[in-house]
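Visitor: One structure, as structure tokens, below. Some questions next.
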Amino acid sequence: MTENRNAKLVEDILRLKEQRQAIILAHNYQLGEVQDIADFVGDSLELSQNAAKTSAEVIVFCGVHFMAETASILCPDKIVLLPDINAGCPMADMVTAEGLKKRKKELPGVTVVCYINSSAEVKAESDVCCTSANALKVIESLDAREILFVPDQYLGHYISTRTDKKMIFWPGFCITHLRILPEHLTRLRQEYPRAKVIVHPECRPEVIALADEVLSTGGLCRYANRSEVEEVIVGTEIGIIHRLRKESPTKRFIPASEQAICPRMKLITLEKILWSLEEMAPEVRVPEEIRLKAKAGVDKMLEVV
Ligand code: SF4
């Protein structure tokens, strides 16, 4: 019954997608059925690169609000749809433009690097943007005395262990990655002694210390495709396991924690994608003044990678 319903929904989505000349971009943490209808599935960096180069007139962004905003920043002439406007990232909400302005006053001359998981207003107040895939490269490329990294303290801390740059952290964090605990990895390592442990840099330092590799979701997918890799303990949001199993059906992927689910990512469903294409809403559009300021930092990032 569900299969039939989904098949009908998929058929309707694909028909409307063509009529609207739309492209569907989906983050690696989306529901499996959403990933399956997307034109492209990837991490924040890959999705923004795809948004920047698409010739489609409409982008249906299956992810969270800041990702749709980033697409709008890069493609102001396109209509960017976010099928559920409530799909915001709690970490991105932990820093506001007002709060950042205040902190900058306390740290005169500081260079602000903002993680892509931030609002357009916060990007507009920052010097350069980065993703988890390129944060180290971006920070190393800066000629800065002191760097204020917002909003993820854990990604910031991880990068600071790999660079000599002086970094100050904003106290933000990802509620989903913090659910992965060191004891989960210790237990799973005993159970699967041959498995590689890969974690996302948004995890807490005690978890990162136990990993074989620390990778963005795009990096994890490339790692899992390597021929010598057979078993992986996956230390990130569990939606990615759908893609990993699809791309490497003979390999074993074990979630580090079944609790590592991002509730906001899961707000996007096939039904909402269909409604969104029918009604051409909800649209995410960044006001021009903020867009131009935010774009400067996103462009700088894209030049580095
Ligand atoms: S997984 Fe974490 S960082 Fe990513 S959207 Fe969810 S809350 Fe935000």
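Residues in the structure tokens are named by chain (A, B, ... in the order shown) and by number from 1 within that chain; ligands are numbered from 1 in the order shown.
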If you count only C-alpha atoms, which residues fall within 9 Å of Ile290 of chain A, apart from same-chain ones fewer than 6 positions away, as number ranges by chain?

Guide: A: 73, 120-121, 123-124

Visitor: So that I can check the surroundings of Lys78 of chain A, please list as a PyMOL selection string every protein, DNA and RNA residue that reaches within 12 Å of it, counting only C-alpha atoms and ignoring chain neighbours fewer than 4 positions away.

Guide: chain A and resi 20-23+51-61+68-69+71-74+280+283-286

Visitor: Return as a count of residues only the residues of protein, DNA or RNA that approach ligand 1 to within 9 Å, with only C-alpha atoms and all ligand atoms taken into account.

Guide: 29

Visitor: What lies within 12 Å of segment 227-231 of chain A using only C-alpha atoms, ignoring chain neighbours under 5 positions off, as a list in words?

Guide: Leu188, Arg189, Glu191, Tyr192, Pro193, Arg194, Ala195, Lys196, Val197, Ile198, Leu220, Cys221, Arg222, Leu244, Arg245, Ser248, Pro249, Thr250, Lys251, Arg252, Phe253, Ile254 and Pro255 of chain A

Visitor: Write out as number ranges by chain the residues lying within 8 Å of segment 31-35 of chain A, counting only C-alpha atoms and excluding same-chain residues fewer than 5 positions away.

Guide: A: 26, 41, 62, 239, 242-243, 265-266, 268-270

Visitor: I'd like the contact shell of Ser141 of chain A - 10 Å cut-off, only C-alpha atoms, skipping same-chain residues fewer than 5 positions apart - returned as an NGL selection string.

Guide: :A and (135-136 or 301 or 304)

Visitor: With only C-alpha atoms as the atoms that count, which of A:Val298, A:Leu292, A:Ile85, A:Ile238 lies nearest to Ser118 of chain A?

Guide: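 Using only C-alpha atoms, the shortest distance to Ser118 of chain A belongs to A:Val298.
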
Visitor: Taking only C-alpha atoms into account, name the residue in A:Asn134, A:Asp39, A:Trp275, A:Cys203 that is nearest to Leu155 of chain A.

Guide: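 Selected residue with least distance to Leu155 of chain A: A:Cys203.
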
Visitor: Tell me which of A:Glu140, A:Ser132, A:Arg15, A:Pro151 sits closest to Val199 of chain A, counting only C-alpha atoms.

Guide: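 Of all the options, A:Ser132 lies closest to Val199 of chain A.
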
Visitor: Please run DSSP on the backbone and report, as a PyMOL selection string, all residues within segment 51-194 of chain A that come out as alpha helix (DSSP H).

Guide: chain A and resi 51-53+65-74+97-106+120-124+135-140+153-160+182-191

Visitor: Could you give me the residues within segment 105-251 of chain A that DSSP places in strand (DSSP E or B), as a count of residues only?

Guide: 30

Visitor: When distances are computed from only C-alpha atoms, which of A:Leu277, A:Leu100, A:Ile233, A:Val80 shows the smallest separation from Arg187 of chain A?

Guide: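 Nearest candidate to Arg187 of chain A out of A:Leu277, A:Leu100, A:Ile233, A:Val80: A:Ile233.
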
Visitor: Given the choices A:Ile180, A:Val110, A:Val234, A:Val138, which gets closest to Asp212 of chain A if the distance is worked out from only C-alpha atoms?

Guide: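 The closest residue to Asp212 of chain A is A:Val234.
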